[in-house]
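Take a look at the structure set out below.
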Amino acid sequence: ERERVAVRKRQAQRRVFIATISSVAVLGTLLICVVASPGWKVVKATFFDVSYGREVLHLVIRGLLMNLHLTVIASISIAICAMGLALARTSQSAAMTPFRILATVYVDVFRGIPLLLVIFLIGFGVPALRIAGVTSNVTVLGTIAVIMTYSAYVAEVLRSGILSVHPSQRAAARSLGLSQGQTLRFVVLPQALKRVVPPLLNDLVALLKDTGLVSILGVTDAIRAAQIEGSQTFNYTPYVVAAILFLLITVPLTRYTDHVLARSIARQNAQGSV
């Protein structure tokens, strides 16, 4: 046993050594190619001006707070709308047929239209209608467009989670005297939501980034703030600053998503081996 442990340890060390050498060689080569390129000095001065980046940092952070604000509001609204769509699409009741058809059409339409076009249509189309009592605030309209599109995607994620619950779970719950609503609430949904947590976290990461698209309506988020500063000086370092700030938020979320997914897979494998 000690010999096997020693062999596995040597193999692990060898793999780490090879991976390190390979990574250094590849990344070092790429870095040398970039730095040695003829236009590197211009690119460095235009995109990686550290002093200018510090100067505009607070403006981009202020815009990023808008992105986070929109993400929180949109996430709550998307969760409610998507759950309604998913329940409508998975319902087997004859009385729910028209709602099931409408939900299917909604999902097909908003999954098929690019988010950018939805933002244009809602952001510019709704104010053009001049309907009394309907807001023309671009922040509100942009957020509504994001909610409408993402609700369609998240609804399909939730629907897949609901359909993944084995029918025997419903049958067992009904045999214990639970009603259809109680079965859905206490048996089906808890299992379904647990299974779709990783893809929902992925959608959250994508949502945070896509809130930047509302800047095309004039909303001053991180991207818009970077655009304003860059257009005044023709120095695009603010875009790099905005990208770094987004990475500081999305990378930890992505790694947490991977952790949740790995834990879910390990749990399923453990159940399968019992």
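Just remember, in the structure tokens the first chain shown is A, the second B, etc., residues are 1-based per chain, and ligands are 1-based in the order shown.
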Excluding Thr257 of chain A and any residue of its chain fewer than 2 positions from it, enumerate the residues within 10 Å of it, using only C-alpha atoms, and give them as a ChimeraX atom specification. /A:197-202,205,251-255,259-263
Only C-alpha atoms, please: the residues just picked out, written as a PDB file, in the first residue's frame.
ATOM      1  CA  VAL A 197     -28.953  25.561  -9.353  1.00  0.00           C
ATOM      2  CA  PRO A 198     -25.748  25.383 -11.513  1.00  0.00           C
ATOM      3  CA  PRO A 199     -27.424  26.515 -14.771  1.00  0.00           C
ATOM      4  CA  LEU A 200     -29.332  29.207 -12.869  1.00  0.00           C
ATOM      5  CA  LEU A 201     -26.050  30.546 -11.502  1.00  0.00           C
ATOM      6  CA  ASN A 202     -24.678  30.577 -15.043  1.00  0.00           C
ATOM      7  CA  VAL A 205     -23.481  35.584 -14.456  1.00  0.00           C
ATOM      8  CA  VAL A 251     -15.023  35.020 -11.985  1.00  0.00           C
ATOM      9  CA  PRO A 252     -15.846  34.211  -8.316  1.00  0.00           C
ATOM     10  CA  LEU A 253     -19.458  33.538  -9.332  1.00  0.00           C
ATOM     11  CA  THR A 254     -18.260  31.229 -12.108  1.00  0.00           C
ATOM     12  CA  ARG A 255     -15.928  29.360  -9.793  1.00  0.00           C
ATOM     13  CA  HIS A 259     -18.093  24.130  -7.176  1.00  0.00           C
ATOM     14  CA  VAL A 260     -21.857  23.689  -6.909  1.00  0.00           C
ATOM     15  CA  LEU A 261     -21.912  21.609 -10.101  1.00  0.00           C
ATOM     16  CA  ALA A 262     -19.052  19.376  -8.894  1.00  0.00           C
ATOM     17  CA  ARG A 263     -20.793  18.884  -5.556  1.00  0.00           C
TER      18      ARG A 263
END
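Excluding Ala74 of chain A itself and any same-chain residue fewer than 6 positions from it, the protein and nucleic acid residues within 8 Å of it, counting only C-alpha atoms, are Thr143, Ile144, Val146 and Ile147 of chain A.
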Those selected residues, please, written with all heavy atoms and delivered as a CSV table (one decimal), in the first residue's frame.
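Final output, saved to result-v1.csv:
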chain,number,residue,atom,x,y,z
A,143,THR,N,-34.5,47.6,-18.5
A,143,THR,CA,-34.6,46.5,-17.5
A,143,THR,C,-35.8,45.5,-17.9
A,143,THR,O,-35.7,44.3,-17.8
A,143,THR,CB,-34.8,47.0,-16.1
A,143,THR,OG1,-33.8,47.9,-15.8
A,143,THR,CG2,-34.8,45.9,-15.1
A,144,ILE,N,-36.9,46.1,-18.3
A,144,ILE,CA,-38.1,45.3,-18.7
A,144,ILE,C,-37.7,44.4,-19.9
A,144,ILE,O,-38.0,43.2,-20.0
A,144,ILE,CB,-39.2,46.2,-19.1
A,144,ILE,CG1,-39.8,46.8,-17.8
A,144,ILE,CG2,-40.3,45.4,-19.8
A,144,ILE,CD1,-40.9,47.8,-18.1
A,146,VAL,N,-34.7,43.2,-20.7
A,146,VAL,CA,-33.8,42.2,-20.2
A,146,VAL,C,-34.7,41.1,-19.4
A,146,VAL,O,-34.4,39.9,-19.6
A,146,VAL,CB,-32.7,42.8,-19.2
A,146,VAL,CG1,-32.0,41.6,-18.5
A,146,VAL,CG2,-31.8,43.7,-20.0
A,147,ILE,N,-35.6,41.5,-18.6
A,147,ILE,CA,-36.5,40.6,-17.9
A,147,ILE,C,-37.3,39.7,-18.9
A,147,ILE,O,-37.4,38.5,-18.7
A,147,ILE,CB,-37.4,41.4,-17.0
A,147,ILE,CG1,-36.6,42.0,-15.8
A,147,ILE,CG2,-38.5,40.5,-16.4
A,147,ILE,CD1,-37.4,43.0,-15.0
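Minimum atom-to-atom distances from A:Val241, A:Leu204, A:Ala132, A:Ile78 to Ser51 of chain A were compared using only C-alpha atoms, and the lowest value belongs to A:Val241.
Our summary of the geometry notes that atom CA of Ala171 of chain A is positioned 22.5 Å from atom CA of Thr97 of chain A.
Nearest residue to Leu117 of chain A among A:Ala25, A:Ala36, A:Ala145, A:Val134 is A:Ala145, counting only C-alpha atoms.
Shell of segment 156-168 of chain A at 9 Å, with only C-alpha atoms counted and residues fewer than 3 places along the chain excluded, is Ala82, Met83, Leu85, Ala86, Leu87, Arg89, Thr90, Val107, Ser151, Ala152, Tyr153, Ala171, Ala172, Ala173, Val188, Leu189, Gln191, Ala192, Leu193, Lys194, Arg195, Val196, Pro199 and Leu200 of chain A.
With distances restricted to only C-alpha atoms, A:Val240 is the closest residue to Lys44 of chain A from A:Val187, A:Ile101, A:Val240, A:Ala19.
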